[in-house]
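Novice: File start.cif below, mmCIF, N, CA and C atoms:
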data_target
loop_
_atom_site.group_PDB
_atom_site.id
_atom_site.type_symbol
_atom_site.label_atom_id
_atom_site.label_comp_id
_atom_site.auth_asym_id
_atom_site.auth_seq_id
_atom_site.Cartn_x
_atom_site.Cartn_y
_atom_site.Cartn_z
ATOM 1 N N MET D 1 32.285 27.300 36.742
ATOM 2 C CA MET D 1 33.017 26.054 36.705
ATOM 3 C C MET D 1 34.478 26.330 37.054
ATOM 4 N N THR D 2 35.060 25.414 37.841
ATOM 5 C CA THR D 2 36.470 25.519 38.205
ATOM 6 C C THR D 2 37.295 24.560 37.342
ATOM 7 N N ILE D 3 38.590 24.708 37.381
ATOM 8 C CA ILE D 3 39.455 23.798 36.632
ATOM 9 C C ILE D 3 39.300 22.372 37.150
ATOM 10 N N ASP D 4 39.192 22.203 38.467
ATOM 11 C CA ASP D 4 38.995 20.858 39.026
ATOM 12 C C ASP D 4 37.712 20.230 38.511
ATOM 13 N N GLU D 5 36.642 21.014 38.436
ATOM 14 C CA GLU D 5 35.374 20.497 37.901
ATOM 15 C C GLU D 5 35.541 20.121 36.423
ATOM 16 N N ALA D 6 36.216 20.955 35.671
ATOM 17 C CA ALA D 6 36.420 20.681 34.246
ATOM 18 C C ALA D 6 37.232 19.407 34.050
ATOM 19 N N LEU D 7 38.256 19.203 34.869
ATOM 20 C CA LEU D 7 39.111 18.026 34.737
ATOM 21 C C LEU D 7 38.404 16.735 35.121
ATOM 22 N N SER D 8 37.234 16.842 35.735
ATOM 23 C CA SER D 8 36.487 15.648 36.124
ATOM 24 C C SER D 8 35.392 15.300 35.115
ATOM 25 N N ARG D 9 35.279 16.066 34.032
ATOM 26 C CA ARG D 9 34.243 15.832 33.023
ATOM 27 C C ARG D 9 34.864 15.366 31.715
ATOM 28 N N PRO D 10 34.099 14.627 30.901
ATOM 29 C CA PRO D 10 34.645 14.182 29.616
ATOM 30 C C PRO D 10 34.746 15.314 28.591
ATOM 31 N N THR D 11 33.778 16.228 28.584
ATOM 32 C CA THR D 11 33.800 17.364 27.656
ATOM 33 C C THR D 11 33.313 18.615 28.376
ATOM 34 N N ILE D 12 33.721 19.762 27.850
ATOM 35 C CA ILE D 12 33.220 21.048 28.338
ATOM 36 C C ILE D 12 32.965 21.929 27.123
ATOM 37 N N SER D 13 32.256 23.014 27.340
ATOM 38 C CA SER D 13 31.937 23.916 26.231
ATOM 39 C C SER D 13 33.181 24.696 25.802
ATOM 40 N N VAL D 14 33.153 25.176 24.583
ATOM 41 C CA VAL D 14 34.261 25.971 24.048
ATOM 42 C C VAL D 14 34.486 27.237 24.888
ATOM 43 N N PRO D 15 33.435 28.006 25.227
ATOM 44 C CA PRO D 15 33.677 29.191 26.056
ATOM 45 C C PRO D 15 34.273 28.863 27.418
ATOM 46 N N ASP D 16 33.806 27.758 28.051
ATOM 47 C CA ASP D 16 34.369 27.366 29.345
ATOM 48 C C ASP D 16 35.835 26.989 29.213
ATOM 49 N N ALA D 17 36.177 26.219 28.191
ATOM 50 C CA ALA D 17 37.574 25.823 27.984
ATOM 51 C C ALA D 17 38.459 27.041 27.743
ATOM 52 N N GLY D 18 37.995 27.934 26.897
ATOM 53 C CA GLY D 18 38.776 29.133 26.609
ATOM 54 C C GLY D 18 39.016 29.976 27.843
ATOM 55 N N LYS D 19 37.969 30.153 28.636
ATOM 56 C CA LYS D 19 38.076 30.987 29.829
ATOM 57 C C LYS D 19 38.942 30.327 30.898
ATOM 58 N N LEU D 20 38.671 29.065 31.202
ATOM 59 C CA LEU D 20 39.370 28.382 32.289
ATOM 60 C C LEU D 20 40.846 28.137 32.006
ATOM 61 N N PHE D 21 41.155 27.639 30.814
ATOM 62 C CA PHE D 21 42.507 27.205 30.529
ATOM 63 C C PHE D 21 43.380 28.262 29.865
ATOM 64 N N PHE D 22 42.759 29.250 29.194
ATOM 65 C CA PHE D 22 43.543 30.239 28.450
ATOM 66 C C PHE D 22 43.196 31.694 28.775
ATOM 67 N N GLY D 23 42.156 31.935 29.575
ATOM 68 C CA GLY D 23 41.768 33.304 29.903
ATOM 69 C C GLY D 23 41.153 34.052 28.739
ATOM 70 N N LEU D 24 40.501 33.315 27.822
ATOM 71 C CA LEU D 24 39.926 33.927 26.631
ATOM 72 C C LEU D 24 38.449 34.264 26.808
ATOM 73 N N ALA D 25 38.010 35.296 26.133
ATOM 74 C CA ALA D 25 36.589 35.625 26.073
ATOM 75 C C ALA D 25 35.919 34.671 25.083
ATOM 76 N N ARG D 26 34.601 34.680 25.034
ATOM 77 C CA ARG D 26 33.814 33.750 24.218
ATOM 78 C C ARG D 26 34.245 33.731 22.748
ATOM 79 N N ASN D 27 34.279 34.901 22.115
ATOM 80 C CA ASN D 27 34.621 34.952 20.690
ATOM 81 C C ASN D 27 36.049 34.476 20.427
ATOM 82 N N ALA D 28 36.963 34.839 21.287
ATOM 83 C CA ALA D 28 38.354 34.405 21.133
ATOM 84 C C ALA D 28 38.471 32.894 21.324
ATOM 85 N N ALA D 29 37.678 32.323 22.229
ATOM 86 C CA ALA D 29 37.689 30.873 22.443
ATOM 87 C C ALA D 29 37.203 30.148 21.191
ATOM 88 N N TYR D 30 36.126 30.628 20.592
ATOM 89 C CA TYR D 30 35.633 29.999 19.358
ATOM 90 C C TYR D 30 36.633 30.166 18.209
ATOM 91 N N GLU D 31 37.332 31.272 18.154
ATOM 92 C CA GLU D 31 38.355 31.472 17.123
ATOM 93 C C GLU D 31 39.515 30.499 17.338
ATOM 94 N N ALA D 32 39.926 30.307 18.591
ATOM 95 C CA ALA D 32 40.999 29.354 18.889
ATOM 96 C C ALA D 32 40.560 27.929 18.546
ATOM 97 N N ALA D 33 39.295 27.611 18.792
ATOM 98 C CA ALA D 33 38.767 26.292 18.430
ATOM 99 C C ALA D 33 38.733 26.128 16.912
ATOM 100 N N ARG D 34 38.310 27.162 16.212
ATOM 101 C CA ARG D 34 38.242 27.111 14.749
ATOM 102 C C ARG D 34 39.623 26.897 14.144
ATOM 103 N N SER D 35 40.633 27.536 14.719
ATOM 104 C CA SER D 35 41.993 27.427 14.181
ATOM 105 C C SER D 35 42.706 26.156 14.623
ATOM 106 N N GLY D 36 42.106 25.399 15.545
ATOM 107 C CA GLY D 36 42.699 24.146 15.997
ATOM 108 C C GLY D 36 43.543 24.262 17.245
ATOM 109 N N ASP D 37 43.663 25.453 17.809
ATOM 110 C CA ASP D 37 44.437 25.620 19.039
ATOM 111 C C ASP D 37 43.750 24.967 20.236
ATOM 112 N N ILE D 38 42.439 24.917 20.215
ATOM 113 C CA ILE D 38 41.654 24.196 21.217
ATOM 114 C C ILE D 38 41.015 23.019 20.492
ATOM 115 N N PRO D 39 41.309 21.775 20.938
ATOM 116 C CA PRO D 39 40.729 20.601 20.263
ATOM 117 C C PRO D 39 39.219 20.539 20.479
ATOM 118 N N THR D 40 38.484 20.142 19.464
ATOM 119 C CA THR D 40 37.027 20.067 19.576
ATOM 120 C C THR D 40 36.486 18.786 18.951
ATOM 121 N N VAL D 41 35.273 18.445 19.359
ATOM 122 C CA VAL D 41 34.490 17.383 18.730
ATOM 123 C C VAL D 41 33.083 17.920 18.559
ATOM 124 N N LYS D 42 32.402 17.474 17.517
ATOM 125 C CA LYS D 42 31.029 17.892 17.299
ATOM 126 C C LYS D 42 30.113 16.781 17.801
ATOM 127 N N ILE D 43 29.239 17.116 18.720
ATOM 128 C CA ILE D 43 28.291 16.173 19.300
ATOM 129 C C ILE D 43 26.899 16.710 18.999
ATOM 130 N N GLY D 44 26.200 16.042 18.094
ATOM 131 C CA GLY D 44 24.924 16.580 17.635
ATOM 132 C C GLY D 44 25.197 17.905 16.948
ATOM 133 N N GLY D 45 24.555 18.949 17.406
ATOM 134 C CA GLY D 45 24.776 20.267 16.838
ATOM 135 C C GLY D 45 25.722 21.119 17.655
ATOM 136 N N ARG D 46 26.297 20.543 18.716
ATOM 137 C CA ARG D 46 27.157 21.319 19.613
ATOM 138 C C ARG D 46 28.628 21.029 19.357
ATOM 139 N N ILE D 47 29.442 22.040 19.520
ATOM 140 C CA ILE D 47 30.891 21.877 19.463
ATOM 141 C C ILE D 47 31.380 21.842 20.907
ATOM 142 N N MET D 48 32.041 20.746 21.267
ATOM 143 C CA MET D 48 32.510 20.558 22.633
ATOM 144 C C MET D 48 34.014 20.326 22.637
ATOM 145 N N VAL D 49 34.626 20.547 23.785
ATOM 146 C CA VAL D 49 36.067 20.343 23.942
ATOM 147 C C VAL D 49 36.285 19.092 24.782
ATOM 148 N N PRO D 50 36.945 18.069 24.226
ATOM 149 C CA PRO D 50 37.279 16.885 25.027
ATOM 150 C C PRO D 50 38.378 17.256 26.026
ATOM 151 N N VAL D 51 38.134 17.009 27.284
ATOM 152 C CA VAL D 51 39.035 17.477 28.329
ATOM 153 C C VAL D 51 40.368 16.726 28.337
ATOM 154 N N VAL D 52 40.370 15.424 28.083
ATOM 155 C CA VAL D 52 41.610 14.642 28.155
ATOM 156 C C VAL D 52 42.684 15.170 27.196
ATOM 157 N N PRO D 53 42.378 15.360 25.882
ATOM 158 C CA PRO D 53 43.430 15.883 24.991
ATOM 159 C C PRO D 53 43.875 17.305 25.347
ATOM 160 N N LEU D 54 42.936 18.132 25.788
ATOM 161 C CA LEU D 54 43.290 19.503 26.161
ATOM 162 C C LEU D 54 44.206 19.498 27.384
ATOM 163 N N ALA D 55 43.859 18.706 28.393
ATOM 164 C CA ALA D 55 44.681 18.623 29.595
ATOM 165 C C ALA D 55 46.069 18.075 29.269
ATOM 166 N N ALA D 56 46.128 17.055 28.412
ATOM 167 C CA ALA D 56 47.418 16.484 28.028
ATOM 168 C C ALA D 56 48.281 17.526 27.308
ATOM 169 N N LYS D 57 47.651 18.314 26.459
ATOM 170 C CA LYS D 57 48.354 19.368 25.719
ATOM 171 C C LYS D 57 48.974 20.383 26.683
ATOM 172 N N LEU D 58 48.300 20.594 27.823
ATOM 173 C CA LEU D 58 48.760 21.582 28.800
ATOM 174 C C LEU D 58 49.561 20.962 29.939
ATOM 175 N N GLY D 59 49.751 19.640 29.899
ATOM 176 C CA GLY D 59 50.514 18.969 30.946
ATOM 177 C C GLY D 59 49.752 18.778 32.241
ATOM 178 N N LEU D 60 48.427 18.699 32.155
ATOM 179 C CA LEU D 60 47.588 18.497 33.338
ATOM 180 C C LEU D 60 47.044 17.073 33.364
ATOM 181 N N ARG D 61 46.712 16.588 34.532
ATOM 182 C CA ARG D 61 46.091 15.260 34.670
ATOM 183 C C ARG D 61 44.599 15.440 34.879
ATOM 184 N N THR D 62 43.814 14.638 34.191
ATOM 185 C CA THR D 62 42.362 14.700 34.359
ATOM 186 C C THR D 62 41.945 13.816 35.527
ATOM 187 N N LYS D 63 40.740 14.080 36.033
ATOM 188 C CA LYS D 63 40.168 13.273 37.090
ATOM 189 C C LYS D 63 38.991 12.480 36.567
ATOM 190 N N PHE D 64 38.765 12.547 35.250
ATOM 191 C CA PHE D 64 37.664 11.840 34.635
ATOM 192 C C PHE D 64 37.897 10.353 34.760
ATOM 193 N N GLY D 65 36.912 9.650 35.320
ATOM 194 C CA GLY D 65 37.002 8.219 35.481
ATOM 195 C C GLY D 65 37.638 7.773 36.782
ATOM 196 N N ASP D 66 38.157 8.697 37.590
ATOM 197 C CA ASP D 66 38.715 8.321 38.882
ATOM 198 C C ASP D 66 37.604 7.836 39.800
ATOM 199 N N ALA D 67 37.922 6.932 40.700
ATOM 200 C CA ALA D 67 36.921 6.441 41.659
ATOM 201 C C ALA D 67 36.551 7.565 42.612
ATOM 202 N N ALA D 68 35.300 7.572 42.990
ATOM 203 C CA ALA D 68 34.792 8.632 43.881
ATOM 204 C C ALA D 68 35.286 8.462 45.294
#
Take the structure in the file and write it out as structure tokens.

Specialist:
Amino acid sequence: MTIDEALSRPTISVPDAGKLFFGLARNAAYEAARSGDIPTVKIGGRIMVPVVPLAAKLGLRTKFGDAA
């Protein structure tokens, strides 16, 4: 997944968010999510990262909802 692909989705996985936006490995990404450095939501049994708040935190614009 690329950053452009991530910015076009409503949520991404914790490992993807950690790797793409912060250069973190899987365990470090989950630790950052646990500590609140990466915003998360629980959907069913999965922990996901909402892209809009994460992008806003980093000063990026999302493409989620843009016309094709």

Novice: Identify which of the residues D:Ile43, D:Ala33, D:Met1, D:Leu58 lies closest to Asp16 (chain D), counting only C-alpha atoms when measuring atom-to-atom distances.

Specialist: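 Ranked by minimum distance to Asp16 (chain D), first place goes to D:Met1.
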
Novice: Would you kindly translate the PyMOL selection byres ((chain D and resi 6-13) around 8) into the concrete residues it picks from this file, as a ChimeraX atom specification?

Specialist: /D:1-5,14-19,47-52,55,61-66

Novice: From chain D, collect each residue whose DSSP state is strand (DSSP E) and return the set as a list in words.

Specialist: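 DSSP on the backbone gives strand (DSSP E) at Thr11, Ile12, Ser13, Val41, Lys42, Ile43, Arg46, Ile47, Met48, Val49 and Pro50 of chain D.
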
Novice: Would you list, as a ChimeraX atom specification, the residues of region 13-52 of chain D that end up in helix (DSSP H, G or I) under DSSP run on this structure's backbone?

Specialist: /D:14-22,26-35,51-52

Novice: Kindly save the residues from that selection, with N, CA and C atoms included, as an mmCIF file, in the frame of the given file.

Specialist:
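File produced: again24.cif:
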data_model
loop_
_atom_site.group_PDB
_atom_site.id
_atom_site.type_symbol
_atom_site.label_atom_id
_atom_site.label_comp_id
_atom_site.auth_asym_id
_atom_site.auth_seq_id
_atom_site.Cartn_x
_atom_site.Cartn_y
_atom_site.Cartn_z
ATOM 1 N N VAL D 14 33.153 25.176 24.583
ATOM 2 C CA VAL D 14 34.261 25.971 24.048
ATOM 3 C C VAL D 14 34.486 27.237 24.888
ATOM 4 N N PRO D 15 33.435 28.006 25.227
ATOM 5 C CA PRO D 15 33.677 29.191 26.056
ATOM 6 C C PRO D 15 34.273 28.863 27.418
ATOM 7 N N ASP D 16 33.806 27.758 28.051
ATOM 8 C CA ASP D 16 34.369 27.366 29.345
ATOM 9 C C ASP D 16 35.835 26.989 29.213
ATOM 10 N N ALA D 17 36.177 26.219 28.191
ATOM 11 C CA ALA D 17 37.574 25.823 27.984
ATOM 12 C C ALA D 17 38.459 27.041 27.743
ATOM 13 N N GLY D 18 37.995 27.934 26.897
ATOM 14 C CA GLY D 18 38.776 29.133 26.609
ATOM 15 C C GLY D 18 39.016 29.976 27.843
ATOM 16 N N LYS D 19 37.969 30.153 28.636
ATOM 17 C CA LYS D 19 38.076 30.987 29.829
ATOM 18 C C LYS D 19 38.942 30.327 30.898
ATOM 19 N N LEU D 20 38.671 29.065 31.202
ATOM 20 C CA LEU D 20 39.370 28.382 32.289
ATOM 21 C C LEU D 20 40.846 28.137 32.006
ATOM 22 N N PHE D 21 41.155 27.639 30.814
ATOM 23 C CA PHE D 21 42.507 27.205 30.529
ATOM 24 C C PHE D 21 43.380 28.262 29.865
ATOM 25 N N PHE D 22 42.759 29.250 29.194
ATOM 26 C CA PHE D 22 43.543 30.239 28.450
ATOM 27 C C PHE D 22 43.196 31.694 28.775
ATOM 28 N N ARG D 26 34.601 34.680 25.034
ATOM 29 C CA ARG D 26 33.814 33.750 24.218
ATOM 30 C C ARG D 26 34.245 33.731 22.748
ATOM 31 N N ASN D 27 34.279 34.901 22.115
ATOM 32 C CA ASN D 27 34.621 34.952 20.690
ATOM 33 C C ASN D 27 36.049 34.476 20.427
ATOM 34 N N ALA D 28 36.963 34.839 21.287
ATOM 35 C CA ALA D 28 38.354 34.405 21.133
ATOM 36 C C ALA D 28 38.471 32.894 21.324
ATOM 37 N N ALA D 29 37.678 32.323 22.229
ATOM 38 C CA ALA D 29 37.689 30.873 22.443
ATOM 39 C C ALA D 29 37.203 30.148 21.191
ATOM 40 N N TYR D 30 36.126 30.628 20.592
ATOM 41 C CA TYR D 30 35.633 29.999 19.358
ATOM 42 C C TYR D 30 36.633 30.166 18.209
ATOM 43 N N GLU D 31 37.332 31.272 18.154
ATOM 44 C CA GLU D 31 38.355 31.472 17.123
ATOM 45 C C GLU D 31 39.515 30.499 17.338
ATOM 46 N N ALA D 32 39.926 30.307 18.591
ATOM 47 C CA ALA D 32 40.999 29.354 18.889
ATOM 48 C C ALA D 32 40.560 27.929 18.546
ATOM 49 N N ALA D 33 39.295 27.611 18.792
ATOM 50 C CA ALA D 33 38.767 26.292 18.430
ATOM 51 C C ALA D 33 38.733 26.128 16.912
ATOM 52 N N ARG D 34 38.310 27.162 16.212
ATOM 53 C CA ARG D 34 38.242 27.111 14.749
ATOM 54 C C ARG D 34 39.623 26.897 14.144
ATOM 55 N N SER D 35 40.633 27.536 14.719
ATOM 56 C CA SER D 35 41.993 27.427 14.181
ATOM 57 C C SER D 35 42.706 26.156 14.623
ATOM 58 N N VAL D 51 38.134 17.009 27.284
ATOM 59 C CA VAL D 51 39.035 17.477 28.329
ATOM 60 C C VAL D 51 40.368 16.726 28.337
ATOM 61 N N VAL D 52 40.370 15.424 28.083
ATOM 62 C CA VAL D 52 41.610 14.642 28.155
ATOM 63 C C VAL D 52 42.684 15.170 27.196
#

Novice: One decimal, in Å: what's the spacing between CA of Pro39 (chain D) and atom N of Pro53 (chain D)?

Specialist: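 So the answer is 7.9 Å.
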
Novice: By how many Å are CA of Leu60 (chain D) and atom N of Phe21 (chain D) apart?

Specialist: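 Atom N of Phe21 (chain D) lies at a distance of 11.5 Å from CA of Leu60 (chain D).
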
Novice: So what do you get for atom N of Gly59 (chain D) versus CA of Phe22 (chain D), distance-wise?

Specialist: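 Going from atom N of Gly59 (chain D) over to CA of Phe22 (chain D), I get 12.4 Å.
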